[in-house]
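**Student:** Please find one structure pasted underneath; my questions will follow.
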Amino acid sequence: MEPWFKPIADHALLVCFSDTHSAESHAMVVALDRAIAETPPFGMIETVPALVNLLVSFDVNVTDHDSVEYHLRALLKDVHPGEIEGQVRRLQVCYESPFAPDLQAVANAAGLSHEAVIAAHLAGQYDVLMYGFSLGYAYLSGIPEEIRIPRKPTPVRDVPAGSVIIAGPQCLVTTLTMPTGWSIIGRSPTRILTGDPERPFLFDVGDRVTFERIDLATFESAQKEADHD
Amino acid sequence: MTDATFLVSFAGPLVTFQDAGRTGHMRYGVSASGPMDRLAFDAAHAALGNLHGQTAIEISLGGLALTCSSGAVSFAVTGGDFVIEHRGRKHGSWTVLTAEAGDRITIRGGTSGSWAYLAFAGSVGCTEWLGSAATHAASGFGGGAVQSGQTLRVANASVREERSGAVPRPSFVTDGPVRVVTGPQDQHFAQDALEKFLTERFAVTDAYDRMGMRLRGPELPLAGALSIPSEPIVRGSVQVSGDGVPTVLLADHQTTGGYPKIATAIASDTDRLVQFRSGQTLRFAALSGAQAIETVRGYLAQKTAYLAQIAVPRGTLGQRLMRENLNHGWVLD
């Protein structure tokens with residue numbers, strides 16, 4: 001994939017691989033992101049990987065768009081998508097009432113039983129695509145075809161942190177109490193904002209995620225444990 | 001040195017603890033937050049002789065009232081044209097004063113400006129997240145919002161009489177158009193949208209908070225009902241929603257989003273833009289990437305020189321009077 005580069009104001013460069021999201025464009029983003037982590041350009045501040053492009057921000061006092069682009073072009077010669085496997089992260093999820101207020105609506109829309117929706121969700125192969133919307137909100141791709149339903153016309157307010165929400169091909173575990181128009185199908189006691197200063201966020205972009213079903217009692221004890229950390 | 005404490009009798013909405021910002025976590029959905037007006041924030045600390053990037057209180061037009069309940073401490077207020085009442089006198093922002101036990105201080109919006117900074121000669125205590133006190137207002141993560149009834153504790157509080165008085169305002173800041181680099185999605189707009197964006201005036205609306213500032217002006221039509229794959233957003237990104245309305249994203253911006261961005265404001269000009277109020281109008285002007293870098297480097301050099309200048313203590317009262325006398329060419333009897 002031949003990338004193109006766009007200057008973002010005075011302090012960042014956007015590397016674009018495609019105009020439309022595909023597994024290939026995202027794989028290039030992840031591969032370049034990892035190459036940059038190994039060999040960052042001089043003056044770099046941070047990178048933001050997204051679906052089809054990657055932002056590289058820099059200190060304007062020591063470098064510029066052209067120097068960063070030059071460095072990235074050199075790196076790209078040796079960047080090949082798919083060579084690096086992401087870590088696998090396991091998330092517990094409880095699909096029981098009162099944590100799954102939209103499970104019935106998803107089942108209705110999909111023409112499936114409750115259990116079939118849960119089975120489909122558990123069967124998904126999820127990849128961490130990018131973070132966005134708010135702190136620690138990681139967009140996961142991989143919702144199976146049979147339970148892909150559009151977001152609701154109106155967002156619901158005050159959806160609790162830890163909610164497992166789905167819309168179209170994407171799934172997300174919320175970290176804050178926020179409004180959402182996505183369907184709420186469960187609750188996870190696994191903290192994405194880990195509270196661990198060494199590793200404050202559970203996922204990196206490019207990681208794989210699997211969900212593991214738990215019952216209400218297990219949820220409650222896991223929740224207690226997480227609260228004590 | 002001892003502590004000084006303050007009781008907050010009133011804090012308006014969006015009065016928050018801020019340090020220089022929580023840089024480095026955008027990839028995890030975390031914008032840097034920190035002060036909306038970084039120049040005024042830095043000036044408050046420089047005028048007190050503080051270290052760069054200490055925690056200060058960002059004050060919205062909602063205002064702040066507090067009473068010193070113990071100790072004594074010098075403080076600076078910078079940013080916009082706010083009004084400070086202290087010991088029965090009114091002062092404009094850009095000043096260093098000293099509070100002692102029993103002093104009541106009120107800070108509220110004046111003739112212009114949207115944000116002021118209250119910094120103390122000492123370190124004000126608050127919670128941190130990921131090693132930073134910068135508050136992400138929507139979640140409250142970081143130092144959080146300052147609350148009515150809250151006690152503020154300033155550790156190692158000192159009285160810096162030699163720094164008292166007016167703080168010279170930055171004179172190097174231009175008041176021309178807000179300068180941007182166009183794109184990255186300028187190709188997704190109808191042909192005349194970019195021309196309208198760069199020639200017509202836009203007004204700041206009430207939809208303005210730490211996340212962003214929605215503008216009102218000519219519609220900026222997209223070429224077709226396009227949605228782009230969600231992509232990175234920075235402070236200064238000008239995104240345009242489906243109805244052709246531009247919003248400038250600011251300190252608490254989302255880190256990714258799917259609205260096309262017509263342009264990105266340069267760092268020096270977002271600090272100026274945030275001080276606009278609802279109803280004020282502005283224009284945008286385009287720079288190339290290279291021009292943006294040259295402009296911001298020039299701005300940062302001037303900023304550094306300015307901060308160094310205001311960081312020099314003005315001396316004791318006697319020394320200040322003497323200098324004023326010499327400057328003005330007359331002598332007291």
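Scheme for the structure tokens: letters A, B, ... for chains in order shown; per-chain residue numbers from 1; ligand numbers from 1 in order shown.
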Please report as a short mmCIF file (atom, residue, chain, number, x, y, z; two decimals) with N, CA and C atoms, in the first residue's frame which residues of chain A come no farther than 10 Å from chain B, using only C-alpha atoms.
**Tutor:**
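Output file result-v2.cif follows:
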```
data_model
loop_
_atom_site.label_atom_id
_atom_site.label_comp_id
_atom_site.auth_asym_id
_atom_site.auth_seq_id
_atom_site.Cartn_x
_atom_site.Cartn_y
_atom_site.Cartn_z
N PHE A 5 0.97 11.45 2.79
CA PHE A 5 1.27 12.19 4.04
C PHE A 5 0.57 13.53 4.01
N LYS A 6 -0.01 13.91 5.14
CA LYS A 6 -0.69 15.20 5.23
C LYS A 6 -0.16 15.95 6.45
N PRO A 7 0.25 17.22 6.27
CA PRO A 7 0.66 17.99 7.45
C PRO A 7 -0.56 18.38 8.28
N ILE A 8 -0.49 18.21 9.61
CA ILE A 8 -1.56 18.61 10.51
C ILE A 8 -1.03 19.79 11.32
N ALA A 9 -1.55 20.97 11.01
CA ALA A 9 -1.10 22.21 11.64
C ALA A 9 0.43 22.23 11.69
N ASP A 10 0.99 22.68 12.81
CA ASP A 10 2.44 22.83 12.93
C ASP A 10 3.06 21.66 13.69
N HIS A 11 2.23 20.72 14.15
CA HIS A 11 2.77 19.79 15.15
C HIS A 11 2.48 18.32 14.91
N ALA A 12 2.02 17.94 13.72
CA ALA A 12 1.77 16.52 13.49
C ALA A 12 1.77 16.21 12.01
N LEU A 13 1.95 14.93 11.73
CA LEU A 13 1.91 14.43 10.36
C LEU A 13 0.95 13.24 10.35
N LEU A 14 0.08 13.19 9.35
CA LEU A 14 -0.86 12.08 9.22
C LEU A 14 -0.39 11.20 8.07
N CYS A 16 -1.47 8.23 5.71
CA CYS A 16 -2.72 7.62 5.28
C CYS A 16 -2.43 6.44 4.35
N SER A 18 -5.26 4.44 3.13
CA SER A 18 -6.44 4.17 2.31
C SER A 18 -7.51 5.19 2.67
N ASP A 19 -8.50 5.33 1.79
CA ASP A 19 -9.67 6.17 2.11
C ASP A 19 -10.78 5.36 2.75
N THR A 20 -10.69 4.06 2.63
CA THR A 20 -11.75 3.22 3.20
C THR A 20 -11.14 2.16 4.11
N HIS A 21 -11.88 1.85 5.16
CA HIS A 21 -11.37 0.92 6.16
C HIS A 21 -11.37 -0.50 5.62
N SER A 22 -10.26 -1.17 5.78
CA SER A 22 -10.18 -2.60 5.46
C SER A 22 -9.19 -3.22 6.43
N ILE A 45 6.53 13.09 19.63
CA ILE A 45 5.87 13.12 20.94
C ILE A 45 5.05 11.85 21.14
N GLU A 46 4.17 11.55 20.21
CA GLU A 46 3.36 10.33 20.35
C GLU A 46 2.73 9.98 19.01
N THR A 47 2.18 8.76 18.94
CA THR A 47 1.44 8.35 17.74
C THR A 47 0.01 8.01 18.13
N VAL A 48 -0.90 8.19 17.18
CA VAL A 48 -2.30 7.80 17.38
C VAL A 48 -2.71 6.92 16.21
N PRO A 49 -2.74 5.59 16.41
CA PRO A 49 -3.18 4.72 15.33
C PRO A 49 -4.70 4.73 15.20
N ALA A 50 -5.19 4.79 13.96
CA ALA A 50 -6.64 4.74 13.73
C ALA A 50 -6.94 3.66 12.69
N LEU A 51 -8.02 3.80 11.93
CA LEU A 51 -8.45 2.72 11.04
C LEU A 51 -7.64 2.65 9.76
N VAL A 52 -7.44 3.80 9.13
CA VAL A 52 -6.75 3.83 7.84
C VAL A 52 -5.51 4.71 7.88
N ASN A 53 -5.30 5.36 9.01
CA ASN A 53 -4.17 6.28 9.08
C ASN A 53 -3.63 6.38 10.51
N LEU A 54 -2.50 7.03 10.61
CA LEU A 54 -1.74 7.08 11.85
C LEU A 54 -1.23 8.51 12.01
N LEU A 55 -1.46 9.10 13.17
CA LEU A 55 -0.96 10.45 13.43
C LEU A 55 0.36 10.36 14.19
N VAL A 56 1.32 11.15 13.75
CA VAL A 56 2.60 11.24 14.47
C VAL A 56 2.75 12.69 14.89
N SER A 57 2.71 12.95 16.19
CA SER A 57 2.85 14.34 16.63
C SER A 57 4.29 14.57 17.06
N VAL A 60 7.61 20.93 17.58
CA VAL A 60 7.87 21.84 16.46
C VAL A 60 9.23 22.54 16.59
N ASN A 61 9.74 22.62 17.80
CA ASN A 61 11.02 23.31 17.99
C ASN A 61 12.22 22.49 17.51
N VAL A 62 12.04 21.19 17.34
CA VAL A 62 13.20 20.37 16.98
C VAL A 62 13.06 19.63 15.66
N THR A 63 11.84 19.52 15.12
CA THR A 63 11.71 18.82 13.84
C THR A 63 10.56 19.43 13.05
N ASP A 64 10.25 18.83 11.91
CA ASP A 64 9.18 19.38 11.07
C ASP A 64 8.54 18.24 10.26
N HIS A 65 7.51 18.59 9.49
CA HIS A 65 6.77 17.57 8.73
C HIS A 65 7.70 16.78 7.80
N ASP A 66 8.58 17.50 7.10
CA ASP A 66 9.41 16.85 6.09
C ASP A 66 10.38 15.85 6.73
N MET A 130 -8.87 0.76 17.43
CA MET A 130 -8.36 2.08 17.84
C MET A 130 -9.13 2.48 19.08
N TYR A 131 -8.62 3.49 19.75
CA TYR A 131 -9.34 4.12 20.85
C TYR A 131 -9.98 5.40 20.33
N GLY A 132 -11.01 5.85 21.03
CA GLY A 132 -11.62 7.12 20.66
C GLY A 132 -12.83 7.39 21.52
N PHE A 133 -13.60 8.37 21.17
CA PHE A 133 -14.81 8.82 21.86
C PHE A 133 -14.52 9.34 23.25
N SER A 134 -13.97 8.48 24.12
CA SER A 134 -13.58 8.99 25.44
C SER A 134 -12.45 8.13 26.01
N LEU A 135 -12.05 8.44 27.22
CA LEU A 135 -10.89 7.80 27.84
C LEU A 135 -11.03 6.28 27.88
N GLY A 136 -10.12 5.59 27.24
CA GLY A 136 -10.12 4.14 27.32
C GLY A 136 -11.20 3.45 26.51
N TYR A 137 -11.90 4.19 25.65
CA TYR A 137 -12.92 3.56 24.81
C TYR A 137 -12.23 2.91 23.61
N ALA A 138 -12.12 1.58 23.65
CA ALA A 138 -11.41 0.85 22.59
C ALA A 138 -12.44 0.21 21.65
N THR A 175 -15.84 2.62 29.74
CA THR A 175 -15.01 2.85 30.93
C THR A 175 -15.59 3.94 31.83
N LEU A 176 -16.59 4.66 31.34
CA LEU A 176 -17.18 5.77 32.09
C LEU A 176 -18.69 5.68 31.99
N THR A 177 -19.38 6.34 32.88
CA THR A 177 -20.82 6.47 32.74
C THR A 177 -21.08 7.53 31.68
N MET A 178 -21.67 7.10 30.56
CA MET A 178 -21.79 7.97 29.38
C MET A 178 -23.06 7.60 28.64
N LEU A 193 -9.40 0.53 32.23
CA LEU A 193 -8.51 1.48 32.93
C LEU A 193 -8.04 0.71 34.15
N GLY A 195 -5.74 0.95 36.44
CA GLY A 195 -5.25 1.50 37.69
C GLY A 195 -3.79 1.15 37.95
N ASP A 196 -3.18 0.41 37.03
CA ASP A 196 -1.77 0.02 37.18
C ASP A 196 -0.92 1.04 36.43
N PRO A 197 -0.09 1.80 37.15
CA PRO A 197 0.68 2.86 36.49
C PRO A 197 1.62 2.31 35.41
N GLU A 198 2.03 1.05 35.55
CA GLU A 198 2.93 0.44 34.55
C GLU A 198 2.19 0.14 33.26
N PRO A 200 -1.52 1.25 32.28
CA PRO A 200 -2.80 1.86 32.68
C PRO A 200 -3.99 1.46 31.80
N PHE A 201 -3.74 0.97 30.58
CA PHE A 201 -4.84 0.58 29.70
C PHE A 201 -4.66 -0.88 29.32
N LEU A 202 -5.76 -1.63 29.38
CA LEU A 202 -5.67 -3.08 29.19
C LEU A 202 -5.18 -3.45 27.79
N PHE A 203 -5.68 -2.74 26.77
CA PHE A 203 -5.36 -3.15 25.39
C PHE A 203 -4.39 -2.20 24.72
N ASP A 204 -3.65 -2.76 23.76
CA ASP A 204 -2.98 -1.95 22.76
C ASP A 204 -3.72 -2.14 21.45
N VAL A 205 -3.68 -1.12 20.62
CA VAL A 205 -4.23 -1.26 19.27
C VAL A 205 -3.48 -2.42 18.59
#
```
**Student:** How far is it from CA of Arg148 in chain A to CA of Ala167 in chain A, in Å with one decimal?
**Tutor:** 6.4 Å
**Student:** Using only C-alpha atoms, which residues sit within 9 Å of Ala35 in chain A once same-chain residues fewer than 6 positions away are excluded, as JSON, numbers by chain?
**Tutor:** {"A": [75, 76, 78, 79]}
**Student:** Taking only C-alpha atoms into account, name the residue in B:Thr127, B:Gly79, B:Ala137, B:Ile105 that is nearest to Leu14 in chain B.
**Tutor:**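 Among the listed residues, the smallest separation from Leu14 in chain B belongs to B:Ala137.
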**Student:** Write out as a PyMOL selection string all residues of range 27-186 of chain A that DSSP puts in strand (DSSP E or B) for this structure's backbone.
**Tutor:** chain A and resi 44-49+53-58+88-94+126-131+138-141+156-159+163-167+170-173+178-180+183-186
**Student:** Using the chain letters and numbers from this document, which residues of range 148-277 of chain B does DSSP assign to helix (DSSP H, G or I), as a tab-separated table (two decimals) with N, CA and C atoms, in the first residue's frame?
**Tutor:**
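The result, stored in out.tsv:
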```
chain	number	residue	atom	x	y	z
B	161	GLU	N	6.46	39.18	47.94
B	161	GLU	CA	6.16	40.61	47.83
B	161	GLU	C	6.88	41.22	46.63
B	162	GLU	N	8.10	40.70	46.37
B	162	GLU	CA	8.89	41.26	45.28
B	162	GLU	C	8.29	40.98	43.90
B	163	ARG	N	7.25	40.15	43.88
B	163	ARG	CA	6.61	39.85	42.60
B	163	ARG	C	5.23	40.50	42.48
B	186	ASP	N	-9.78	18.11	3.19
B	186	ASP	CA	-10.34	19.20	2.38
B	186	ASP	C	-10.92	18.67	1.06
B	187	GLN	N	-10.44	17.52	0.59
B	187	GLN	CA	-10.95	17.01	-0.69
B	187	GLN	C	-12.38	16.46	-0.57
B	188	HIS	N	-12.87	16.30	0.68
B	188	HIS	CA	-14.23	15.78	0.86
B	188	HIS	C	-15.28	16.88	0.86
B	191	GLN	N	-16.72	22.26	-3.77
B	191	GLN	CA	-15.67	23.15	-4.25
B	191	GLN	C	-15.59	24.48	-3.53
B	192	ASP	N	-16.74	25.09	-3.28
B	192	ASP	CA	-16.68	26.44	-2.71
B	192	ASP	C	-16.58	26.42	-1.18
B	193	ALA	N	-16.62	25.22	-0.56
B	193	ALA	CA	-16.62	25.18	0.91
B	193	ALA	C	-15.31	25.74	1.46
B	194	LEU	N	-14.20	25.34	0.88
B	194	LEU	CA	-12.90	25.80	1.40
B	194	LEU	C	-12.76	27.31	1.19
B	195	GLU	N	-13.24	27.78	0.04
B	195	GLU	CA	-13.16	29.22	-0.21
B	195	GLU	C	-14.00	30.00	0.80
B	196	LYS	N	-15.20	29.50	1.08
B	196	LYS	CA	-16.05	30.15	2.09
B	196	LYS	C	-15.37	30.12	3.45
B	197	PHE	N	-14.79	28.97	3.78
B	197	PHE	CA	-14.15	28.81	5.07
B	197	PHE	C	-13.02	29.83	5.25
B	198	LEU	N	-12.32	30.14	4.17
B	198	LEU	CA	-11.14	31.01	4.28
B	198	LEU	C	-11.45	32.48	3.99
B	199	THR	N	-12.65	32.79	3.59
B	199	THR	CA	-12.94	34.20	3.29
B	199	THR	C	-14.04	34.79	4.15
B	267	ALA	N	-0.90	25.91	16.74
B	267	ALA	CA	-0.88	25.91	18.20
B	267	ALA	C	-0.96	27.33	18.78
B	268	SER	N	-0.26	28.27	18.15
B	268	SER	CA	-0.25	29.63	18.71
B	268	SER	C	-1.64	30.24	18.66
B	269	ASP	N	-2.44	29.86	17.66
B	269	ASP	CA	-3.71	30.53	17.48
B	269	ASP	C	-4.86	29.88	18.24
B	270	THR	N	-4.69	28.62	18.67
B	270	THR	CA	-5.75	28.05	19.51
B	270	THR	C	-5.73	28.72	20.88
B	271	ASP	N	-4.55	29.10	21.38
B	271	ASP	CA	-4.49	29.78	22.68
B	271	ASP	C	-5.25	31.11	22.64
B	272	ARG	N	-5.22	31.76	21.49
B	272	ARG	CA	-5.91	33.03	21.34
B	272	ARG	C	-7.41	32.80	21.11
B	273	LEU	N	-7.70	31.80	20.29
B	273	LEU	CA	-9.10	31.50	19.95
B	273	LEU	C	-9.94	31.17	21.19
```
**Student:** I'd like the interatomic distance between CA of Ser114 in chain B and CA of Ala134 in chain B, to a tenth of an Å.
**Tutor:**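 Rounded to one decimal, the two atoms are 18.2 Å apart.
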**Student:** Could you check the closest approach to Ala311 in chain B for each of B:Val167, B:Leu61, B:Ser70, B:Phe75 and tell me which residue wins, using only C-alpha atoms?
**Tutor:** B:Val167
**Student:** Can you list, as an MDAnalysis selection string, every protein, DNA or RNA residue that comes within 9 Å of Thr190 in chain A when you count only C-alpha atoms, leaving out same-chain residues fewer than 6 positions away?
**Tutor:** chainID A and resid 90:93 162 222:223 226
**Student:** Could you tell me which of A:Val209, A:Leu32, A:Ile184, A:Leu172 comes closest to Pro101 in chain A if we count only C-alpha atoms?
**Tutor:**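 Selected residue with least distance to Pro101 in chain A: A:Ile184.
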**Student:** Can you pull out every residue within 9 Å of Thr180 in chain A, counting only C-alpha atoms, but drop anything in the same chain fewer than 6 positions away, and send it as a list of chain:residue names?
**Tutor:** A:Arg151, A:Lys152, A:Thr154, A:Pro155, A:Val156, A:Arg157, A:Asp158, A:Val159, A:Ile165
**Student:** Would you mind telling me which residue in B:Lys303, B:Arg104, B:Arg160, B:His91 lies nearest to Leu48 in chain B when using only C-alpha atoms?
**Tutor:**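 For Leu48 in chain B, the nearest of the given residues is B:Arg160.
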**Student:** Which residues come within 12 Å of range 149-156 of chain B, counting only C-alpha atoms, excluding same-chain residues fewer than 5 positions away, as JSON, numbers by chain?
**Tutor:** {"B": [1, 2, 3, 4, 5, 6, 7, 8, 9, 10, 11, 12, 17, 50, 54, 55, 56, 57, 64, 65, 66, 67, 68, 69, 70, 71, 72, 73, 74, 75, 99, 119, 120, 121, 122, 123, 124, 125, 126, 127, 143, 144]}
**Student:** What is the distance, in Å and to one decimal place, between CA of Ile185 in chain A and CA of Ala161 in chain A?
**Tutor:**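 Computed distance, CA of Ile185 in chain A to CA of Ala161 in chain A, equals 13.1 Å.
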**Student:** Quick one: of B:Ala166, B:Leu282, B:Val238, B:Leu307, who's nearest to Ala203 in chain B, counting only C-alpha atoms?
**Tutor:** B:Leu282
